[in-house]
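The structure under discussion appears below in the form of structure tokens.
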Amino acid sequence: MAKKLACVDKRRCVACGACTVVCPKNAIAIHKGCYAFVKSENCIGCGKCEKVCPAGCITIKEREQDE
Amino acid sequence: MNKKKWYNYLWIWSIIYFTLGFFNILFAWLGMIDFLVPLGFALFGGNKHFCNRYCGRGQLFSKLGFSCKCSRNKPTPKWMSLKWFRYGFLVFFLTMFGVMIFNTYLVAAGAETLKEAIKLFWTFSVPWDWTYTVGLVPDWVAQFAFGFYSLMLTSTLIGLIVMVFFKPRTWCAFCPMGTMTQTICKIKNKDETK
């Protein structure tokens, strides 16, 4: 499992889907038109989604030990 | 990178739309597709598949911003994606849409004459008379086309400006259609989004 992980601030996500287009692992998707969510087991923490997000609501964080 | 699908090429549609409107303004009516389809997805499907997959404008901004490197790629100012600004911009946009419909009505009722011009940024009148021959269709049909094309062109220009300064898809942060469809989705899927 990668050391890092993308985290979405749901309250600020505009659900545009820019992140889903660039994700190389299909690890991020838009949940019912409301916000983006990350499938943590697929995420490799590459940060591509963070780079494209127009709302700046994605941050790359260190994974917790137990995850 | 994900495999390319047919809908990854819809940015071409955006270019075709504005080109057609440059030669014949009546093609502006085709823009209703970009207006009704997202609402349809949101109202009946409870999703934003339009924004996520089929929005030609968003793709065009990505293409120009990333592939053609026309964007500085700096973070979007925070206020642009805040609720008050998004809803404020939506209300402003809908008001302007209403004004455009009212102008169409005035022409239909015979109170105003057809103006063969487009209005950029709701302020600057630009002659656009080569795109229409008076009498081809009822005046109000043409008036709506001029009004709708103005709206489409203005919003694309705003999108291009913020694309250059910030992220390629910064427009999506406060796109009125995006705000409207996301709100519909949030209302529809209330129980699951808590």
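Residues are named by chain letter and number: chains run A, B, ... in the order of the structure tokens, numbers start at 1 in each chain, and ligands are numbered from 1 in the order shown.
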> Per DSSP on the backbone, what are the alpha helix (DSSP H) residues of chain A, as JSON, numbers by chain?
Replying inline: {"A": [18, 19, 20, 21, 22, 48, 49, 50, 51, 52]}
Go ahead and save the residues from that selection, with C-alpha atoms, as a PDB file, in the first residue's frame.
ATOM      1  CA  ALA A  18     -11.777  16.800 -13.176  1.00  0.00           C
ATOM      2  CA  CYS A  19     -10.021  14.477 -10.704  1.00  0.00           C
ATOM      3  CA  THR A  20     -11.698  11.339 -12.088  1.00  0.00           C
ATOM      4  CA  VAL A  21     -10.311  12.080 -15.554  1.00  0.00           C
ATOM      5  CA  VAL A  22      -6.674  12.278 -14.483  1.00  0.00           C
ATOM      6  CA  LYS A  48      -2.596  14.246  -9.927  1.00  0.00           C
ATOM      7  CA  CYS A  49      -6.124  14.899  -8.634  1.00  0.00           C
ATOM      8  CA  GLU A  50      -4.821  17.494  -6.174  1.00  0.00           C
ATOM      9  CA  LYS A  51      -3.130  19.294  -9.061  1.00  0.00           C
ATOM     10  CA  VAL A  52      -6.234  19.577 -11.282  1.00  0.00           C
TER      11      VAL A  52
END
> Given a cut-off of 6 Å, which residues of chain B touch chain A, counting only C-alpha atoms, written out as a list of chain:residue names?
Replying inline: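 Every residue of chain B that passes the 6 Å test is in B:Met1, B:Asn47, B:Lys48, B:Cys51, B:Asn52, B:Ser81, B:Lys167, B:Arg169, B:Thr170, B:Ala173, B:Gln182, B:Cys185, B:Lys186.
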>> Please determine, counting only C-alpha atoms, which residue among B:Pro75, B:Ile184, B:Pro176, B:Val162 has the shortest atom-to-atom distance to Thr95 (chain B).
In response: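 Of the candidates, the smallest distance to Thr95 (chain B) is held by B:Pro176.
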> Could you name the residues that touch Tyr149 (chain B) at 8 Å or less, counting only C-alpha atoms, but leaving out those on the same chain fewer than 6 positions away, as a list in words?
Replying inline: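 Counting only C-alpha atoms, the residues come to Gly21, Ile25, Ala28, Gly31 and Ile118 of chain B.
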For Tyr17 (chain B), please output as a PDB file with N, CA and C atoms, in the first residue's frame all residues within 12 Å (counting only C-alpha atoms; exclusion window: fewer than 6 positions along the same chain).
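The result, written out as out37.pdb:
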ATOM      1  N   LEU B  10     -15.576  15.587 -26.798  1.00  0.00           N
ATOM      2  CA  LEU B  10     -16.679  16.547 -26.898  1.00  0.00           C
ATOM      3  C   LEU B  10     -16.212  18.004 -26.863  1.00  0.00           C
ATOM      4  N   TRP B  11     -14.920  18.228 -26.531  1.00  0.00           N
ATOM      5  CA  TRP B  11     -14.385  19.596 -26.600  1.00  0.00           C
ATOM      6  C   TRP B  11     -14.506  20.133 -28.023  1.00  0.00           C
ATOM      7  N   PHE B  23     -21.402  31.999 -38.209  1.00  0.00           N
ATOM      8  CA  PHE B  23     -21.902  32.071 -39.584  1.00  0.00           C
ATOM      9  C   PHE B  23     -23.417  32.178 -39.655  1.00  0.00           C
ATOM     10  N   ASN B  24     -24.098  31.450 -38.757  1.00  0.00           N
ATOM     11  CA  ASN B  24     -25.551  31.540 -38.714  1.00  0.00           C
ATOM     12  C   ASN B  24     -26.011  31.472 -37.264  1.00  0.00           C
ATOM     13  N   ILE B  25     -26.568  32.586 -36.812  1.00  0.00           N
ATOM     14  CA  ILE B  25     -26.888  32.717 -35.388  1.00  0.00           C
ATOM     15  C   ILE B  25     -27.942  31.708 -34.935  1.00  0.00           C
ATOM     16  N   LEU B  26     -28.739  31.209 -35.859  1.00  0.00           N
ATOM     17  CA  LEU B  26     -29.816  30.288 -35.452  1.00  0.00           C
ATOM     18  C   LEU B  26     -29.260  29.008 -34.824  1.00  0.00           C
ATOM     19  N   PHE B  27     -28.004  28.678 -35.150  1.00  0.00           N
ATOM     20  CA  PHE B  27     -27.373  27.502 -34.541  1.00  0.00           C
ATOM     21  C   PHE B  27     -27.208  27.669 -33.031  1.00  0.00           C
ATOM     22  N   ALA B  28     -27.320  28.927 -32.564  1.00  0.00           N
ATOM     23  CA  ALA B  28     -27.187  29.176 -31.128  1.00  0.00           C
ATOM     24  C   ALA B  28     -28.203  28.355 -30.336  1.00  0.00           C
ATOM     25  N   TRP B  29     -29.334  28.070 -30.954  1.00  0.00           N
ATOM     26  CA  TRP B  29     -30.364  27.262 -30.286  1.00  0.00           C
ATOM     27  C   TRP B  29     -29.834  25.897 -29.858  1.00  0.00           C
ATOM     28  N   LEU B  30     -28.840  25.391 -30.571  1.00  0.00           N
ATOM     29  CA  LEU B  30     -28.261  24.086 -30.213  1.00  0.00           C
ATOM     30  C   LEU B  30     -27.674  24.100 -28.797  1.00  0.00           C
ATOM     31  N   GLY B  31     -27.366  25.325 -28.328  1.00  0.00           N
ATOM     32  CA  GLY B  31     -26.820  25.449 -26.981  1.00  0.00           C
ATOM     33  C   GLY B  31     -27.789  24.985 -25.912  1.00  0.00           C
ATOM     34  N   MET B  32     -29.058  24.894 -26.264  1.00  0.00           N
ATOM     35  CA  MET B  32     -30.054  24.397 -25.311  1.00  0.00           C
ATOM     36  C   MET B  32     -29.723  22.975 -24.871  1.00  0.00           C
ATOM     37  N   ILE B  33     -28.996  22.245 -25.734  1.00  0.00           N
ATOM     38  CA  ILE B  33     -28.563  20.890 -25.363  1.00  0.00           C
ATOM     39  C   ILE B  33     -27.709  20.964 -24.099  1.00  0.00           C
ATOM     40  N   ASP B  34     -26.749  21.912 -24.102  1.00  0.00           N
ATOM     41  CA  ASP B  34     -25.850  22.047 -22.958  1.00  0.00           C
ATOM     42  C   ASP B  34     -26.564  22.558 -21.718  1.00  0.00           C
ATOM     43  N   GLY B  56     -18.338  19.629 -22.897  1.00  0.00           N
ATOM     44  CA  GLY B  56     -17.331  20.003 -23.884  1.00  0.00           C
ATOM     45  C   GLY B  56     -16.519  21.196 -23.454  1.00  0.00           C
ATOM     46  N   ARG B  57     -17.155  22.095 -22.719  1.00  0.00           N
ATOM     47  CA  ARG B  57     -16.466  23.300 -22.288  1.00  0.00           C
ATOM     48  C   ARG B  57     -15.365  22.976 -21.278  1.00  0.00           C
ATOM     49  N   PHE B 148     -28.954  34.086 -26.499  1.00  0.00           N
ATOM     50  CA  PHE B 148     -28.386  32.854 -25.957  1.00  0.00           C
ATOM     51  C   PHE B 148     -26.912  32.730 -26.330  1.00  0.00           C
ATOM     52  N   TYR B 149     -26.596  33.108 -27.564  1.00  0.00           N
ATOM     53  CA  TYR B 149     -25.201  33.060 -28.023  1.00  0.00           C
ATOM     54  C   TYR B 149     -24.347  34.020 -27.188  1.00  0.00           C
ATOM     55  N   MET B 152     -23.638  32.322 -23.901  1.00  0.00           N
ATOM     56  CA  MET B 152     -22.681  31.223 -24.054  1.00  0.00           C
ATOM     57  C   MET B 152     -21.268  31.764 -24.262  1.00  0.00           C
ATOM     58  N   LEU B 153     -21.152  32.779 -25.111  1.00  0.00           N
ATOM     59  CA  LEU B 153     -19.834  33.327 -25.430  1.00  0.00           C
ATOM     60  C   LEU B 153     -19.246  34.035 -24.208  1.00  0.00           C
ATOM     61  N   THR B 156     -18.040  31.513 -21.684  1.00  0.00           N
ATOM     62  CA  THR B 156     -16.809  30.861 -22.145  1.00  0.00           C
ATOM     63  C   THR B 156     -15.619  31.811 -21.995  1.00  0.00           C
TER      64      THR B 156
END
Residue contacts of Met1 (chain A) (9 Å, only C-alpha atoms) excluding same-chain residues fewer than 2 positions away, as an mmCIF file with N, CA, C and O atoms, in the first residue's frame:
data_model
loop_
_atom_site.group_PDB
_atom_site.id
_atom_site.type_symbol
_atom_site.label_atom_id
_atom_site.label_comp_id
_atom_site.auth_asym_id
_atom_site.auth_seq_id
_atom_site.Cartn_x
_atom_site.Cartn_y
_atom_site.Cartn_z
ATOM 1 N N LYS A 3 2.299 5.019 0.617
ATOM 2 C CA LYS A 3 2.419 5.728 1.895
ATOM 3 C C LYS A 3 1.448 6.891 1.990
ATOM 4 O O LYS A 3 1.081 7.318 3.061
ATOM 5 N N LYS A 4 1.077 7.399 0.818
ATOM 6 C CA LYS A 4 0.227 8.587 0.830
ATOM 7 C C LYS A 4 -1.157 8.305 0.264
ATOM 8 O O LYS A 4 -1.367 7.291 -0.413
ATOM 9 N N GLU A 41 -8.107 1.933 -1.031
ATOM 10 C CA GLU A 41 -7.262 0.771 -1.362
ATOM 11 C C GLU A 41 -6.638 0.903 -2.751
ATOM 12 O O GLU A 41 -5.600 0.299 -3.025
ATOM 13 N N ASN A 42 -7.263 1.714 -3.631
ATOM 14 C CA ASN A 42 -6.711 1.894 -4.978
ATOM 15 C C ASN A 42 -5.765 3.085 -5.092
ATOM 16 O O ASN A 42 -4.967 3.168 -6.018
ATOM 17 N N CYS A 43 -5.897 4.042 -4.180
ATOM 18 C CA CYS A 43 -5.150 5.300 -4.289
ATOM 19 C C CYS A 43 -3.664 5.072 -4.040
ATOM 20 O O CYS A 43 -3.272 4.403 -3.084
ATOM 21 N N ILE A 44 -2.857 5.659 -4.945
ATOM 22 C CA ILE A 44 -1.407 5.517 -4.784
ATOM 23 C C ILE A 44 -0.767 6.844 -4.334
ATOM 24 O O ILE A 44 0.454 6.967 -4.271
ATOM 25 N N GLU A 67 -4.243 1.735 8.395
ATOM 26 C CA GLU A 67 -5.068 1.664 7.166
ATOM 27 C C GLU A 67 -4.557 0.635 6.200
ATOM 28 O O GLU A 67 -3.368 0.455 6.057
#
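Secondary structure by DSSP on the backbone puts the following residues of chain A in strand (DSSP E): Lys4, Leu5, Ala6, Cys7, Val8, Ile28, Ala29, Ile30, His31, Tyr35, Ala36, Phe37, Val38, Ile58, Thr59, Ile60, Lys61 and Glu62 of chain A.
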Write the residues of the preceding selection, restricted to N, CA, C and O atoms, as a PDB file, in the first residue's frame.
ATOM      1  N   LYS A   4       1.077   7.399   0.818  1.00  0.00           N
ATOM      2  CA  LYS A   4       0.227   8.587   0.830  1.00  0.00           C
ATOM      3  C   LYS A   4      -1.157   8.305   0.264  1.00  0.00           C
ATOM      4  O   LYS A   4      -1.367   7.291  -0.413  1.00  0.00           O
ATOM      5  N   LEU A   5      -2.057   9.256   0.489  1.00  0.00           N
ATOM      6  CA  LEU A   5      -3.456   9.059   0.131  1.00  0.00           C
ATOM      7  C   LEU A   5      -4.114  10.415  -0.124  1.00  0.00           C
ATOM      8  O   LEU A   5      -3.824  11.385   0.584  1.00  0.00           O
ATOM      9  N   ALA A   6      -4.997  10.474  -1.152  1.00  0.00           N
ATOM     10  CA  ALA A   6      -5.717  11.721  -1.428  1.00  0.00           C
ATOM     11  C   ALA A   6      -6.921  11.835  -0.502  1.00  0.00           C
ATOM     12  O   ALA A   6      -7.638  10.859  -0.294  1.00  0.00           O
ATOM     13  N   CYS A   7      -7.116  13.027   0.063  1.00  0.00           N
ATOM     14  CA  CYS A   7      -8.287  13.254   0.922  1.00  0.00           C
ATOM     15  C   CYS A   7      -9.097  14.414   0.362  1.00  0.00           C
ATOM     16  O   CYS A   7      -8.544  15.448   0.008  1.00  0.00           O
ATOM     17  N   VAL A   8     -10.433  14.215   0.300  1.00  0.00           N
ATOM     18  CA  VAL A   8     -11.313  15.231  -0.272  1.00  0.00           C
ATOM     19  C   VAL A   8     -12.077  15.948   0.837  1.00  0.00           C
ATOM     20  O   VAL A   8     -12.612  15.308   1.733  1.00  0.00           O
ATOM     21  N   ILE A  28     -10.665   7.530  -7.788  1.00  0.00           N
ATOM     22  CA  ILE A  28     -11.518   8.619  -7.306  1.00  0.00           C
ATOM     23  C   ILE A  28     -12.747   8.706  -8.214  1.00  0.00           C
ATOM     24  O   ILE A  28     -12.641   8.554  -9.426  1.00  0.00           O
ATOM     25  N   ALA A  29     -13.919   8.884  -7.605  1.00  0.00           N
ATOM     26  CA  ALA A  29     -15.167   8.952  -8.380  1.00  0.00           C
ATOM     27  C   ALA A  29     -16.099   9.958  -7.730  1.00  0.00           C
ATOM     28  O   ALA A  29     -15.911  10.338  -6.576  1.00  0.00           O
ATOM     29  N   ILE A  30     -17.090  10.411  -8.518  1.00  0.00           N
ATOM     30  CA  ILE A  30     -18.063  11.364  -7.972  1.00  0.00           C
ATOM     31  C   ILE A  30     -19.237  10.570  -7.400  1.00  0.00           C
ATOM     32  O   ILE A  30     -19.839   9.757  -8.094  1.00  0.00           O
ATOM     33  N   HIS A  31     -19.532  10.812  -6.126  1.00  0.00           N
ATOM     34  CA  HIS A  31     -20.632  10.109  -5.484  1.00  0.00           C
ATOM     35  C   HIS A  31     -21.944  10.844  -5.707  1.00  0.00           C
ATOM     36  O   HIS A  31     -22.153  11.933  -5.168  1.00  0.00           O
ATOM     37  N   TYR A  35     -20.132  14.872  -4.357  1.00  0.00           N
ATOM     38  CA  TYR A  35     -18.732  15.127  -4.018  1.00  0.00           C
ATOM     39  C   TYR A  35     -17.878  13.958  -4.514  1.00  0.00           C
ATOM     40  O   TYR A  35     -18.391  12.883  -4.835  1.00  0.00           O
ATOM     41  N   ALA A  36     -16.567  14.180  -4.558  1.00  0.00           N
ATOM     42  CA  ALA A  36     -15.649  13.121  -4.969  1.00  0.00           C
ATOM     43  C   ALA A  36     -15.277  12.282  -3.755  1.00  0.00           C
ATOM     44  O   ALA A  36     -15.176  12.804  -2.646  1.00  0.00           O
ATOM     45  N   PHE A  37     -15.152  10.975  -3.944  1.00  0.00           N
ATOM     46  CA  PHE A  37     -14.655  10.151  -2.845  1.00  0.00           C
ATOM     47  C   PHE A  37     -13.526   9.263  -3.348  1.00  0.00           C
ATOM     48  O   PHE A  37     -13.471   8.898  -4.520  1.00  0.00           O
ATOM     49  N   VAL A  38     -12.611   8.956  -2.438  1.00  0.00           N
ATOM     50  CA  VAL A  38     -11.410   8.202  -2.798  1.00  0.00           C
ATOM     51  C   VAL A  38     -11.551   6.761  -2.317  1.00  0.00           C
ATOM     52  O   VAL A  38     -11.900   6.513  -1.166  1.00  0.00           O
ATOM     53  N   ILE A  58      -8.726  18.923  -2.585  1.00  0.00           N
ATOM     54  CA  ILE A  58      -8.036  17.636  -2.389  1.00  0.00           C
ATOM     55  C   ILE A  58      -6.647  17.881  -1.826  1.00  0.00           C
ATOM     56  O   ILE A  58      -5.911  18.747  -2.308  1.00  0.00           O
ATOM     57  N   THR A  59      -6.304  17.144  -0.788  1.00  0.00           N
ATOM     58  CA  THR A  59      -4.949  17.229  -0.230  1.00  0.00           C
ATOM     59  C   THR A  59      -4.382  15.818  -0.129  1.00  0.00           C
ATOM     60  O   THR A  59      -5.125  14.864   0.070  1.00  0.00           O
ATOM     61  N   ILE A  60      -3.074  15.715  -0.302  1.00  0.00           N
ATOM     62  CA  ILE A  60      -2.407  14.417  -0.176  1.00  0.00           C
ATOM     63  C   ILE A  60      -1.854  14.308   1.251  1.00  0.00           C
ATOM     64  O   ILE A  60      -1.130  15.197   1.696  1.00  0.00           O
ATOM     65  N   LYS A  61      -2.292  13.253   1.922  1.00  0.00           N
ATOM     66  CA  LYS A  61      -1.868  13.091   3.323  1.00  0.00           C
ATOM     67  C   LYS A  61      -1.154  11.773   3.505  1.00  0.00           C
ATOM     68  O   LYS A  61      -1.293  10.858   2.691  1.00  0.00           O
ATOM     69  N   GLU A  62      -0.391  11.677   4.587  1.00  0.00           N
ATOM     70  CA  GLU A  62       0.248  10.410   4.946  1.00  0.00           C
ATOM     71  C   GLU A  62      -0.839   9.454   5.400  1.00  0.00           C
ATOM     72  O   GLU A  62      -1.763   9.849   6.101  1.00  0.00           O
TER      73      GLU A  62
END
> Quick one: distance from CA of Lys115 (chain B) to CA of Ser155 (chain B) in Å, one decimal?
Replying inline: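 Separation between CA of Lys115 (chain B) and CA of Ser155 (chain B): 20.6 Å.
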>> Residues within 12 Å of Tyr132 (chain B), please, as a ChimeraX atom specification. Count only C-alpha atoms; anything in the same chain fewer than 2 positions from it doesn't count.
In response: /B:20-28,114-117,127-130,134-139,141-143,145-146
> What gap, in Å, lies between CA of Thr104 (chain B) and CA of Phe124 (chain B)?
Replying inline: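 Here the two named atoms are 18.5 Å from each other.
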> Quick one: distance from CA of Arg53 (chain B) to CA of Pro38 (chain B) in Å, one decimal?
Replying inline: 10.6 Å
